[in-house]
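Data block below; observations after.
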Number of protein chains: 2
Amino acid sequence: MTLRQVEVIRAVMVTGTIGGAAKLLNVSAPGISRLVKYTERSLGIRFFQRQNGRYFPTPEAENIFEQINGVYKKVDDLSELISKIGRGGLSELRIGSVPSISQVMVPRAIERVRRRYPDLGIDINILKIEEAIDYLLLGRGECVAMSYRLEHSGLDFMPLASGELYCIVPPGHELAGRKQVSAAEITRYPLIGIDPNDPYGRIMAEIFARNRLDYNITIRARFGTTVCALVKAGLGIAIIDQFTVAHGGYPGIELLKITEPTRFDTYIAVKRGAPLSLHVEYFIEALRTEMRAVEPSRSNGKAVPARGRKK
Amino acid sequence: MTLRQVEVIRAVMVTGTIGGAAKLLNVSAPGISRLVKYTERSLGIRFFQRQNGRYFPTPEAENIFEQINGVYKKVDDLSELISKIGRGGLSELRIGSVPSISQVMVPRAIERVRRRYPDLGIDINILKIEEAIDYLLLGRGECVAMSYRLEHSGLDFMPLASGELYCIVPPGHELAGRKQVSAAEITRYPLIGIDPNDPYGRIMAEIFARNRLDYNITIRARFGTTVCALVKAGLGIAIIDQFTVAHGGYPGIELLKITEPTRFDTYIAVKRGAPLSLHVEYFIEALRTEMRAVEPSRSNGKAVPARGRKK
DNA sequence: ACTTCAACTTGGCGCAGCGTCATCATGCTC
DNA sequence: GAGCATGATGACGCTGCGCCAAGTTGAAGT
C-alpha cells in the first residue's frame, strides 16, 4: 500500500470518474485506470463498481473511504508541518557578529537567509570579542562572525574572507580625492582609533608598527562605526576595514586606498563539536558569499564546502 | 512526500542507524541512505545529524516524528481494515441454490470460497424454483444456482455446467452392477420421481417422453435427496442428475449410466443490472469449476470470463 | 601506531512502477 | 444513426529504488 494508491483511490472516489481523478492529480487517465485496477487486484478488494462507464464505490469502499480520509488528513498535517519547517518556522537562527562585520555584511547575508527561509526566526547579536566565547559556549547562539582567530579549545574557527584596510577621511579633508595614501602620510594627521589592547584595534595599529611609524591617537573609540562618525564629524582621519564601509555602508566619508599591503581576516567561530543547523550553514555560506564578493582580489573560483569544518 | 519516505524516516528514527532501519524494512542499507538524503534535500529539512557515523534526530525532526507516527498509525488502521475486508470481513456472501446443486456442488464451491476469504460471512439458502425469483429480486441474495433457465425480464442467466442423468438403484437390486441401462429397461421397475409439474421433475420425465415410453411413478417426492433416500430404502429406482450424487454425495445407492443421451443443464441466475460482489463472482467461478470437473465429457479448455454476462 | 570493525556513502546496474500518447470499445445524447 | 464522452488497452520511455561491490571515516582493540 503506497501513498500514491491512497491518493488515487481517494481522487476517484471524490470525483467519481477516472478522468476527473486524473485531472485532479494532474496526470493522464490511463495511469489512474491502471493503478486502480492494479490496486484492487493486489488487495483483493473491489473499490468501485463499473456501471455504464461510471465509477461508484462499493459498500466495502465506503468503509475504507473514511480511513483513507483519515490518512489523508494526517498526511496533510504532516506536509503542512514540513512546509512550515521548510520555510524556517519553529526554529530560530541565533548568530552573533563583531561590529565591523555586522555593519554591512551581516544584514546582507541575513537578507539572503530570509529569502530562503521566510518564516525563520532570527536573532542577531553584536558582540565584542570577549563576549563571543561565552555566547558560543553557553549556547546562546550557533556561530559568531569574528575579525580574528583566537585559540580556544572549545571553539572551532573557519575562515570567512579576507579584506583590506582603508583610510577614511571627511569630505573636504586635505587628503580627500587622493587615490591612495601611504601609512606615513596618515600619521601626519590627527588619528581616531580603536584601543590597541582590543584585538580589533591591534589590527589597525599593526600597519604602523610594521612600518615603524610613530602615531598619535587623539580619540579612542570602541566600534568602527563610532570611528566613522567621528571622522565624518571632521575630528580626524582613521583606518578601517573595508567590510565596515562596503556598499556605501557609511555615507559621508571618503575611502582612500592605502599604499602598503594590508589584510583583514575574518572567521566564523562555532562551538566545537556542536552540530550546525541547516539554517546557520546557509547563513555562513551567504555571509561568505557576500564578503568574498567585495574582496579586493581573489581568483574567486572554489567555493569552500559548507560542512568541511573539521581539521 | 511518499509513504515510502515516511516509512523510511520513521525506521531510521526508531532504530537510530541506517543499517538498523534497513534490517527493519528488509532492504539493503544503500537504499535507505539514499532515500533519506534525497528526502532531506527535496524537503529542505535536515532530519538527522550525522555524528560519528551515527544518526540522531535534529530538534525539528522531533516535532515531525509525532506527526509521522500519527500518519503511520492511520495507515496501519487502514491496512488492517483492508486486510480484514480482503479476508472477507464486514461483508456477506448470500447465495441460493436449488436442491440438486446444493447437495454436493455448492458445499465444495463454498469450501473454496472460505479458503480464499476466511472471514467472509456466508449465507446459503436452498430454494425451490418459485422461490428463486423473489429471492433475487428482493435482494435477499446475489445469485442462485438453478437447474434450468426461465425467461424473466428481471433476471439474467449464465450457463454453469451441463451434466448427465443417472439411474440409481438400491444395492442388491436386479439392475445393480450393470454398466448401463436403457430408458426402456428403467420403466419396467417401480419408479420414484419428482412431480412432473415441477421443472426439475420434467427433466427426469423428458427422457421417457422422448422415447415414447410409458412409465409409472409410484412415489413422488420434491427433492432429489428424498428420491435418493427412498431408493436407498429399496422402494424403487429413479433417475437423478449426476450433480446430486457426485463425489459419492449419497452413499448406499448405485449409479447406472443410461444408454440414451441425457443432458442436465445448470445456470446461475442473478438480478439483472445489479453489480456482482467480488465474493459472489469468486463463488460462481468456484462452482463452475467444481461442476465442470465432474462433467462427463468436455474439452474443458476455455474458462468463461467471470464478468461477461451482458448480451 | 597499526589493524580491524562497524557504520555510512558512492558507483554501477537492472527491474518495474507509473508516466505519456494513440487507439479502440462502449453507452449516452441529439 | 452520428457524434460525444468515458474507460480500457497497447507500446514505450523515464526514473525511483532495489541490489552488490568498493571506498571512506571514526572508534576500539592489540
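Chain labels follow the order of the C-alpha cells: the first chain is A, the next B, and so on; residue numbering restarts at 1 in every chain, and ligands are counted from 1 in their shown order.
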* To do: Select all residues from chain B having any atom no more than 10 Å from an atom of chain C (counting only C-alpha atoms (C1' of nucleotides), ignoring ligands), output as a list in words.
  =>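 Result: Thr17, Ile18, Gly19, Ala29, Pro30, Ser33, Arg34, Arg50, Asn52, Gly53, Arg54 and Tyr55 of chain B.
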* Asked: Within 12 Å of Leu81 of chain B, counting only C-alpha atoms (C1' of nucleotides), which residues qualify if same-chain residues fewer than 2 places away don't, as a list in words?
  ->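 Selected residues are Leu43, Ile45, Glu60, Ala61, Glu62, Asn63, Ile64, Phe65, Glu66, Gln67 and Ile68 of chain A; Lys74, Val75, Asp76, Asp77, Leu78, Ser79, Ser83, Lys84, Ile85, Gly86, Arg87, Gly88, Gly89 and Leu90 of chain B.
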* Enter the distance from atom CA of Ile253 of chain A to atom CA of Gly177 of chain A, in Å, rounded to one decimal. =>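 Taking atom CA of Ile253 of chain A as the start and atom CA of Gly177 of chain A as the end point, the length is 11.0 Å.
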Surrounding residues of segment 282-287 of chain B excluding itself and chain neighbours under 3 positions, 8 Å, only C-alpha atoms (C1' of nucleotides), as a compact mmCIF listing (two decimals) with N, CA, C and O atoms, in the first residue's frame:
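Dumped to around20.txt:
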# COMPACT_ATOMS: atom_id res chain seq x y z
N MET B 105 -22.40 -29.94 -4.86
CA MET B 105 -21.56 -28.99 -5.55
C MET B 105 -21.37 -27.68 -4.78
O MET B 105 -20.27 -27.15 -4.68
N VAL B 106 -22.45 -27.17 -4.23
CA VAL B 106 -22.35 -25.89 -3.52
C VAL B 106 -21.38 -25.99 -2.33
O VAL B 106 -20.51 -25.13 -2.18
N ARG B 108 -18.86 -27.81 -1.94
CA ARG B 108 -17.48 -27.85 -2.42
C ARG B 108 -17.02 -26.48 -2.91
O ARG B 108 -15.88 -26.08 -2.68
N ALA B 109 -17.91 -25.77 -3.56
CA ALA B 109 -17.56 -24.43 -4.01
C ALA B 109 -17.37 -23.50 -2.81
O ALA B 109 -16.43 -22.70 -2.75
N ILE B 110 -18.25 -23.63 -1.85
CA ILE B 110 -18.15 -22.78 -0.66
C ILE B 110 -16.84 -23.03 0.07
O ILE B 110 -16.23 -22.11 0.61
N ARG B 112 -14.05 -23.70 -1.27
CA ARG B 112 -13.05 -22.87 -1.97
C ARG B 112 -13.16 -21.41 -1.56
O ARG B 112 -12.16 -20.72 -1.34
N VAL B 113 -14.39 -20.92 -1.49
CA VAL B 113 -14.59 -19.52 -1.14
C VAL B 113 -14.03 -19.23 0.25
O VAL B 113 -13.36 -18.23 0.48
N LEU B 160 -23.83 -22.63 -16.40
CA LEU B 160 -22.92 -23.06 -15.34
C LEU B 160 -22.17 -24.32 -15.81
O LEU B 160 -20.97 -24.28 -16.05
N ILE B 268 -26.59 -20.06 -13.50
CA ILE B 268 -26.57 -19.10 -12.39
C ILE B 268 -27.52 -17.97 -12.75
O ILE B 268 -27.42 -17.40 -13.83
N LEU B 278 -17.39 -9.06 -5.46
CA LEU B 278 -16.22 -9.85 -5.77
C LEU B 278 -16.39 -11.28 -5.26
O LEU B 278 -16.00 -12.26 -5.90
N HIS B 279 -17.00 -11.38 -4.09
CA HIS B 279 -17.12 -12.69 -3.46
C HIS B 279 -18.03 -13.61 -4.27
O HIS B 279 -17.74 -14.78 -4.44
N GLU B 290 -16.00 -26.53 -10.05
CA GLU B 290 -16.36 -27.81 -9.42
C GLU B 290 -17.28 -28.62 -10.31
O GLU B 290 -17.12 -29.84 -10.45
N MET B 291 -18.25 -27.95 -10.89
CA MET B 291 -19.24 -28.68 -11.66
C MET B 291 -18.67 -29.17 -12.98
O MET B 291 -18.99 -30.26 -13.45
N ALA B 306 -15.23 -14.21 -16.09
CA ALA B 306 -16.13 -14.08 -14.95
C ALA B 306 -17.23 -13.04 -15.15
O ALA B 306 -18.32 -13.21 -14.68
* Name the residues of segment 11-158 of chain B that fall into helix (DSSP H, G or I) according to DSSP on the backbone, using the chain letters and numbers of this document, as a count of residues only. => 83
* chain B contacts on chain D, only C-alpha atoms (C1' of nucleotides), 12 Å, as an MDAnalysis selection string -> chainID D and resid 16:21 24:27
Convert the current residue selection to file output with N, CA and C atoms (P, O5', C5', C4', C3', O3' and C1' of nucleotides), as a short mmCIF file (atom, residue, chain, number, x, y, z; two decimals), in the first residue's frame.
data_model
loop_
_atom_site.label_atom_id
_atom_site.label_comp_id
_atom_site.auth_asym_id
_atom_site.auth_seq_id
_atom_site.Cartn_x
_atom_site.Cartn_y
_atom_site.Cartn_z
P DG D 16 13.37 10.12 -9.82
"O5'" DG D 16 12.73 9.33 -8.59
"C5'" DG D 16 11.39 8.90 -8.67
"C4'" DG D 16 11.23 7.50 -8.09
"C3'" DG D 16 11.98 7.21 -6.80
"O3'" DG D 16 11.15 6.40 -5.99
"C1'" DG D 16 12.66 5.66 -8.42
P DC D 17 11.45 6.23 -4.49
"O5'" DC D 17 12.23 4.86 -4.47
"C5'" DC D 17 11.52 3.67 -4.79
"C4'" DC D 17 12.50 2.54 -4.95
"C3'" DC D 17 13.53 2.42 -3.82
"O3'" DC D 17 13.57 1.09 -3.40
"C1'" DC D 17 14.57 2.29 -5.89
P DG D 18 13.96 0.78 -1.91
"O5'" DG D 18 14.69 -0.64 -2.06
"C5'" DG D 18 13.93 -1.78 -2.41
"C4'" DG D 18 14.68 -2.63 -3.42
"C3'" DG D 18 16.10 -3.01 -3.04
"O3'" DG D 18 16.09 -4.16 -2.20
"C1'" DG D 18 16.04 -2.32 -5.29
P DC D 19 17.34 -4.38 -1.28
"O5'" DC D 19 18.45 -4.94 -2.28
"C5'" DC D 19 18.21 -6.12 -3.03
"C4'" DC D 19 19.34 -6.31 -4.04
"C3'" DC D 19 20.72 -6.36 -3.41
"O3'" DC D 19 21.09 -7.70 -3.18
"C1'" DC D 19 20.70 -4.85 -5.28
P DC D 20 22.35 -7.98 -2.26
"O5'" DC D 20 23.61 -7.63 -3.17
"C5'" DC D 20 23.81 -8.34 -4.40
"C4'" DC D 20 25.09 -7.83 -5.07
"C3'" DC D 20 26.35 -7.97 -4.19
"O3'" DC D 20 27.41 -8.49 -4.96
"C1'" DC D 20 26.06 -5.71 -4.88
P DA D 21 28.76 -8.85 -4.23
"O5'" DA D 21 29.69 -7.60 -4.58
"C5'" DA D 21 29.72 -7.12 -5.93
"C4'" DA D 21 30.71 -5.98 -6.03
"C3'" DA D 21 31.94 -6.10 -5.12
"O3'" DA D 21 33.07 -5.57 -5.81
"C1'" DA D 21 30.78 -4.13 -4.57
P DT D 24 38.76 5.94 -0.83
"O5'" DT D 24 37.65 6.47 0.17
"C5'" DT D 24 37.94 7.54 1.02
"C4'" DT D 24 36.77 7.69 1.96
"C3'" DT D 24 37.22 8.11 3.35
"O3'" DT D 24 36.92 9.49 3.50
"C1'" DT D 24 35.53 6.40 3.40
P DT D 25 37.78 10.45 4.33
"O5'" DT D 25 37.22 10.26 5.81
"C5'" DT D 25 35.80 10.17 6.00
"C4'" DT D 25 35.51 9.54 7.35
"C3'" DT D 25 36.62 9.77 8.39
"O3'" DT D 25 36.03 10.28 9.56
"C1'" DT D 25 35.97 7.53 8.35
P DG D 26 36.93 11.16 10.55
"O5'" DG D 26 36.46 10.53 11.93
"C5'" DG D 26 35.07 10.52 12.24
"C4'" DG D 26 34.77 9.38 13.18
"C3'" DG D 26 35.59 9.38 14.48
"O3'" DG D 26 34.74 8.99 15.54
"C1'" DG D 26 35.90 7.34 13.36
P DA D 27 35.27 9.04 17.01
"O5'" DA D 27 35.31 7.48 17.37
"C5'" DA D 27 34.14 6.69 17.12
"C4'" DA D 27 34.33 5.30 17.68
"C3'" DA D 27 35.09 5.22 19.02
"O3'" DA D 27 34.57 4.15 19.78
"C1'" DA D 27 36.31 4.09 17.36
#
* To do: Based on DSSP run over this structure's backbone, return all residues of segment 95-244 of chain B in strand (DSSP E), as a PyMOL selection string.
  => chain B and resi 95-97+121-126+143-146+155-163+165-169+180-181+191-194+217-221+237-241
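Closest approach to chain B among A:Arg220, A:Glu131, A:Lys179, A:Ser277: A:Ser277, based on only C-alpha atoms.
The spacing separating atom CA of Leu230 of chain A from atom CA of Ile192 of chain A amounts to 7.5 Å.
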* **Closest of B:Val36, B:Met13, B:Ala274, B:Ile219 to chain A - atom-to-atom distances counting only C-alpha atoms** =>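 Using only C-alpha atoms, the shortest distance to chain A belongs to B:Ala274.
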* Structure fact -> Across B:Leu276, B:Ala293, B:Val169, B:Ala132, the smallest distance to chain A, with only C-alpha atoms counted, is shown by B:Leu276
